[in-house]
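Student: This is the structure I want to talk about, given as structure tokens.
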Amino acid sequence: MKTFLLQFFTWWSGQTLGTRFFTWRKGTEVGRDEFGNIYYEGGVDADGNVRRWVIYNGVAEASKIPPGWHGWMHHRTDVP
């Protein structure tokens with residue numbers, strides 16, 4: 001029950017239910033990094049780019065994304 005409530009009400013301790021549903025519907029796993037973060041892509045954003053997102057392992061902290069994955073997340077490169 002605690003896990004369900006955390007997913008329903010918080011975004012900083014992993015994925016929310018909305019993110020889990022969107023990932024299940026449209027997400028394709030691209031890879032994982034040494035910190036255990038999982039990277040996905042799927043769907044199209046407002047600019048016409050493929051959406052890319054990360055599910056953090058533990059607390060959501062952007063500094064946990066390695067430089068190579070950061071470039072991929074921001075569409076600087078298409079190679080993860």
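Convention: chains lettered A, B, ... in structure tokens order; per-chain residue numbering from 1; ligands numbered from 1 as shown.
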Write out as a tab-separated table (two decimals) with all heavy atoms, in the first residue's frame the set of residues from chain A that DSSP, computed on the backbone, places in helix (DSSP H, G or I).

Tutor:
chain	number	residue	atom	x	y	z
A	2	LYS	N	1.96	1.22	0.76
A	2	LYS	CA	2.86	2.37	0.82
A	2	LYS	C	3.44	2.68	-0.56
A	2	LYS	O	3.51	3.84	-0.96
A	2	LYS	CB	3.98	2.11	1.82
A	2	LYS	CG	4.96	3.25	1.93
A	2	LYS	CD	6.09	2.93	2.87
A	2	LYS	CE	7.11	4.04	2.85
A	2	LYS	NZ	8.28	3.72	3.66
A	3	THR	N	3.83	1.65	-1.30
A	3	THR	CA	4.38	1.84	-2.64
A	3	THR	C	3.36	2.50	-3.56
A	3	THR	O	3.69	3.41	-4.30
A	3	THR	CB	4.83	0.50	-3.23
A	3	THR	OG1	5.76	-0.11	-2.33
A	3	THR	CG2	5.50	0.68	-4.58
A	4	PHE	N	2.12	2.05	-3.49
A	4	PHE	CA	1.07	2.63	-4.32
A	4	PHE	C	0.88	4.11	-3.99
A	4	PHE	O	0.78	4.95	-4.89
A	4	PHE	CB	-0.25	1.88	-4.13
A	4	PHE	CG	-1.42	2.54	-4.80
A	4	PHE	CD1	-1.58	2.46	-6.17
A	4	PHE	CD2	-2.33	3.28	-4.07
A	4	PHE	CE1	-2.63	3.08	-6.81
A	4	PHE	CE2	-3.40	3.91	-4.68
A	4	PHE	CZ	-3.54	3.81	-6.05
A	5	LEU	N	0.81	4.44	-2.71
A	5	LEU	CA	0.62	5.84	-2.31
A	5	LEU	C	1.80	6.71	-2.73
A	5	LEU	O	1.61	7.84	-3.17
A	5	LEU	CB	0.40	5.94	-0.80
A	5	LEU	CG	-0.94	5.38	-0.31
A	5	LEU	CD1	-0.99	5.38	1.20
A	5	LEU	CD2	-2.10	6.15	-0.90
A	6	LEU	N	3.03	6.19	-2.62
A	6	LEU	CA	4.19	6.95	-3.06
A	6	LEU	C	4.14	7.21	-4.56
A	6	LEU	O	4.46	8.30	-5.02
A	6	LEU	CB	5.48	6.22	-2.69
A	6	LEU	CG	5.89	6.30	-1.23
A	6	LEU	CD1	7.09	5.39	-0.98
A	6	LEU	CD2	6.20	7.72	-0.83
A	7	GLN	N	3.75	6.22	-5.34
A	7	GLN	CA	3.65	6.40	-6.79
A	7	GLN	C	2.53	7.35	-7.16
A	7	GLN	O	2.62	8.07	-8.14
A	7	GLN	CB	3.43	5.07	-7.49
A	7	GLN	CG	4.64	4.20	-7.53
A	7	GLN	CD	4.37	2.92	-8.27
A	7	GLN	OE1	3.27	2.66	-8.74
A	7	GLN	NE2	5.39	2.09	-8.37
A	8	PHE	N	1.48	7.37	-6.38
A	8	PHE	CA	0.32	8.20	-6.69
A	8	PHE	C	0.57	9.67	-6.36
A	8	PHE	O	0.14	10.56	-7.09
A	8	PHE	CB	-0.90	7.68	-5.93
A	8	PHE	CG	-2.18	8.28	-6.38
A	8	PHE	CD1	-2.77	7.86	-7.57
A	8	PHE	CD2	-2.80	9.27	-5.65
A	8	PHE	CE1	-3.96	8.41	-8.00
A	8	PHE	CE2	-3.98	9.83	-6.07
A	8	PHE	CZ	-4.56	9.41	-7.25
A	9	PHE	N	1.27	9.94	-5.26
A	9	PHE	CA	1.39	11.30	-4.79
A	9	PHE	C	2.76	11.95	-4.96
A	9	PHE	O	2.89	13.15	-4.78
A	9	PHE	CB	1.01	11.38	-3.30
A	9	PHE	CG	-0.45	11.14	-3.07
A	9	PHE	CD1	-0.89	9.99	-2.46
A	9	PHE	CD2	-1.38	12.08	-3.47
A	9	PHE	CE1	-2.24	9.76	-2.25
A	9	PHE	CE2	-2.74	11.87	-3.26
A	9	PHE	CZ	-3.16	10.71	-2.65
A	17	LEU	N	2.26	7.09	-11.15
A	17	LEU	CA	1.37	6.21	-11.90
A	17	LEU	C	1.17	6.70	-13.33
A	17	LEU	O	1.08	5.90	-14.26
A	17	LEU	CB	0.01	6.09	-11.20
A	17	LEU	CG	0.01	5.29	-9.91
A	17	LEU	CD1	-1.37	5.32	-9.26
A	17	LEU	CD2	0.43	3.86	-10.17
A	18	GLY	N	1.10	8.03	-13.53
A	18	GLY	CA	0.96	8.57	-14.88
A	18	GLY	C	2.16	8.23	-15.75
A	18	GLY	O	2.01	7.86	-16.92
A	19	THR	N	3.35	8.36	-15.19
A	19	THR	CA	4.57	8.02	-15.94
A	19	THR	C	4.62	6.53	-16.23
A	19	THR	O	5.00	6.11	-17.31
A	19	THR	CB	5.82	8.45	-15.16
A	19	THR	OG1	5.73	9.84	-14.88
A	19	THR	CG2	7.07	8.16	-15.94
A	20	ARG	N	4.23	5.73	-15.25
A	20	ARG	CA	4.22	4.27	-15.45
A	20	ARG	C	3.26	3.89	-16.58
A	20	ARG	O	3.59	3.08	-17.45
A	20	ARG	CB	3.82	3.55	-14.17
A	20	ARG	CG	3.80	2.04	-14.31
A	20	ARG	CD	3.36	1.39	-13.02
A	20	ARG	NE	4.31	1.64	-11.97
A	20	ARG	CZ	5.20	0.74	-11.54
A	20	ARG	NH1	5.23	-0.46	-12.06
A	20	ARG	NH2	6.04	1.03	-10.59
A	21	PHE	N	2.07	4.49	-16.61
A	21	PHE	CA	1.09	4.20	-17.65
A	21	PHE	C	1.59	4.66	-19.02
A	21	PHE	O	1.49	3.92	-19.99
A	21	PHE	CB	-0.25	4.87	-17.31
A	21	PHE	CG	-1.32	4.58	-18.31
A	21	PHE	CD1	-1.87	3.31	-18.41
A	21	PHE	CD2	-1.77	5.56	-19.17
A	21	PHE	CE1	-2.86	3.03	-19.33
A	21	PHE	CE2	-2.75	5.30	-20.10
A	21	PHE	CZ	-3.30	4.03	-20.18
A	22	PHE	N	2.15	5.89	-19.10
A	22	PHE	CA	2.66	6.39	-20.37
A	22	PHE	C	3.82	5.52	-20.87
A	22	PHE	O	3.91	5.21	-22.05
A	22	PHE	CB	3.12	7.85	-20.23
A	22	PHE	CG	3.55	8.46	-21.53
A	22	PHE	CD1	2.61	8.96	-22.42
A	22	PHE	CD2	4.88	8.51	-21.88
A	22	PHE	CE1	2.99	9.50	-23.62
A	22	PHE	CE2	5.28	9.06	-23.09
A	22	PHE	CZ	4.33	9.56	-23.96
A	23	THR	N	4.70	5.12	-19.96
A	23	THR	CA	5.83	4.26	-20.33
A	23	THR	C	5.33	2.92	-20.84
A	23	THR	O	5.84	2.40	-21.83
A	23	THR	CB	6.76	4.07	-19.13
A	23	THR	OG1	7.22	5.36	-18.70
A	23	THR	CG2	7.96	3.21	-19.49
A	24	TRP	N	4.33	2.37	-20.18
A	24	TRP	CA	3.76	1.09	-20.62
A	24	TRP	C	3.12	1.21	-21.99
A	24	TRP	O	3.27	0.32	-22.83
A	24	TRP	CB	2.74	0.63	-19.58
A	24	TRP	CG	1.95	-0.57	-20.00
A	24	TRP	CD1	2.38	-1.86	-20.06
A	24	TRP	CD2	0.60	-0.57	-20.46
A	24	TRP	NE1	1.36	-2.66	-20.51
A	24	TRP	CE2	0.25	-1.89	-20.77
A	24	TRP	CE3	-0.36	0.43	-20.62
A	24	TRP	CZ2	-1.00	-2.25	-21.23
A	24	TRP	CZ3	-1.61	0.07	-21.08
A	24	TRP	CH2	-1.92	-1.26	-21.37
A	25	ARG	N	2.42	2.34	-22.24
A	25	ARG	CA	1.72	2.52	-23.51
A	25	ARG	C	2.64	2.85	-24.66
A	25	ARG	O	2.53	2.29	-25.75
A	25	ARG	CB	0.69	3.65	-23.37
A	25	ARG	CG	-0.71	3.17	-23.22
A	25	ARG	CD	-1.70	4.31	-23.14
A	25	ARG	NE	-1.98	4.85	-24.45
A	25	ARG	CZ	-2.05	6.15	-24.74
A	25	ARG	NH1	-1.86	7.04	-23.82
A	25	ARG	NH2	-2.33	6.53	-25.95
A	26	LYS	N	3.53	3.81	-24.49
A	26	LYS	CA	4.29	4.34	-25.60
A	26	LYS	C	5.80	4.16	-25.50
A	26	LYS	O	6.51	4.43	-26.46
A	26	LYS	CB	3.99	5.84	-25.75
A	26	LYS	CG	2.55	6.10	-26.07
A	26	LYS	CD	2.36	7.47	-26.61
A	26	LYS	CE	0.90	7.65	-26.97
A	26	LYS	NZ	0.69	8.50	-28.07
A	62	ALA	N	18.72	14.86	-11.20
A	62	ALA	CA	19.22	15.02	-12.57
A	62	ALA	C	20.73	14.89	-12.65
A	62	ALA	O	21.26	14.52	-13.70
A	62	ALA	CB	18.78	16.37	-13.13
A	63	SER	N	21.45	15.15	-11.58
A	63	SER	CA	22.91	15.02	-11.63
A	63	SER	C	23.36	13.56	-11.69
A	63	SER	O	24.55	13.30	-11.89
A	63	SER	CB	23.54	15.71	-10.42
A	63	SER	OG	23.17	15.07	-9.23
A	64	LYS	N	22.44	12.62	-11.55
A	64	LYS	CA	22.78	11.20	-11.67
A	64	LYS	C	22.85	10.74	-13.13
A	64	LYS	O	23.16	9.59	-13.39
A	64	LYS	CB	21.73	10.34	-10.95
A	64	LYS	CG	21.79	10.41	-9.45
A	64	LYS	CD	20.78	9.44	-8.89
A	64	LYS	CE	20.79	9.37	-7.40
A	64	LYS	NZ	19.78	8.42	-6.91
A	67	PRO	N	27.18	12.05	-18.65
A	67	PRO	CA	27.25	12.98	-19.78
A	67	PRO	C	26.76	12.41	-21.10
A	67	PRO	O	26.08	13.10	-21.86
A	67	PRO	CB	28.74	13.33	-19.87
A	67	PRO	CG	29.27	13.07	-18.51
A	67	PRO	CD	28.46	11.95	-17.95
A	68	GLY	N	27.08	11.17	-21.41
A	68	GLY	CA	26.64	10.57	-22.67
A	68	GLY	C	25.12	10.48	-22.76
A	68	GLY	O	24.53	10.78	-23.80
A	69	TRP	N	24.50	10.07	-21.67
A	69	TRP	CA	23.05	9.98	-21.65
A	69	TRP	C	22.42	11.36	-21.64
A	69	TRP	O	21.33	11.56	-22.17
A	69	TRP	CB	22.57	9.17	-20.45
A	69	TRP	CG	22.73	7.69	-20.67
A	69	TRP	CD1	23.66	6.88	-20.11
A	69	TRP	CD2	21.95	6.86	-21.52
A	69	TRP	NE1	23.51	5.59	-20.56
A	69	TRP	CE2	22.45	5.56	-21.43
A	69	TRP	CE3	20.87	7.09	-22.36
A	69	TRP	CZ2	21.91	4.49	-22.13
A	69	TRP	CZ3	20.33	6.03	-23.06
A	69	TRP	CH2	20.85	4.74	-22.94
A	70	HIS	N	23.08	12.33	-21.03
A	70	HIS	CA	22.56	13.71	-21.02
A	70	HIS	C	22.44	14.23	-22.46
A	70	HIS	O	21.44	14.83	-22.83
A	70	HIS	CB	23.46	14.61	-20.20
A	70	HIS	CG	22.99	16.02	-20.11
A	70	HIS	ND1	23.38	16.98	-21.00
A	70	HIS	CD2	22.15	16.62	-19.24
A	70	HIS	CE1	22.80	18.12	-20.69
A	70	HIS	NE2	22.05	17.93	-19.62
A	71	GLY	N	23.46	13.99	-23.27
A	71	GLY	CA	23.41	14.39	-24.68
A	71	GLY	C	22.29	13.71	-25.43
A	71	GLY	O	21.61	14.33	-26.26
A	72	TRP	N	22.07	12.45	-25.15
A	72	TRP	CA	20.98	11.72	-25.80
A	72	TRP	C	19.63	12.27	-25.37
A	72	TRP	O	18.74	12.47	-26.19
A	72	TRP	CB	21.08	10.24	-25.48
A	72	TRP	CG	19.99	9.44	-26.10
A	72	TRP	CD1	19.94	8.99	-27.38
A	72	TRP	CD2	18.78	9.02	-25.47
A	72	TRP	NE1	18.76	8.30	-27.58
A	72	TRP	CE2	18.04	8.31	-26.42
A	72	TRP	CE3	18.25	9.17	-24.19
A	72	TRP	CZ2	16.80	7.75	-26.15
A	72	TRP	CZ3	17.02	8.62	-23.91
A	72	TRP	CH2	16.31	7.92	-24.88
A	73	MET	N	19.46	12.54	-24.08
A	73	MET	CA	18.19	13.06	-23.56
A	73	MET	C	17.82	14.40	-24.20
A	73	MET	O	16.66	14.69	-24.42
A	73	MET	CB	18.27	13.28	-22.03
A	73	MET	CG	18.32	12.02	-21.22
A	73	MET	SD	16.74	11.22	-21.04
A	73	MET	CE	15.86	12.42	-20.09

Student: Looking at A:Ile65, A:Val79, A:Ile55, A:Ala60, which one is nearest to Tyr40 of chain A, with distances taken over only C-alpha atoms?

Tutor: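 Among the listed residues, the smallest separation from Tyr40 of chain A belongs to A:Ile55.
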
Student: Need to verify the contact set: Asn37 of chain A, 7 Å, only C-alpha atoms, exclusion of same-chain residues closer than 4 positions in sequence. Can you return it as a list in words?

Tutor: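 Residues meeting the cut-off are Arg32, Asp33, Val54, Ile55, Tyr56 and Asn57 of chain A.
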
Student: How far is it from atom CA of Thr28 of chain A to atom CA of Val50 of chain A, in Å with one decimal?

Tutor: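 It comes out at 11.1 Å.
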
Student: May I have the residues within 12 Å of Asn49 of chain A as a list in words, using only C-alpha atoms and disregarding those fewer than 2 positions away in the same chain?

Tutor: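 Listing them by chain and then by number gives Glu41, Gly42, Gly43, Val44, Asp45, Ala46, Asp47, Arg51, Arg52, Met73, His74, His75, Arg76 and Asp78 of chain A.
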
Student: Taking the DSSP assignment computed from this structure's backbone, write out as a PyMOL selection string all residues of chain A that belong to strand (DSSP E).

Tutor: chain A and resi 28-32+38-44+50-55
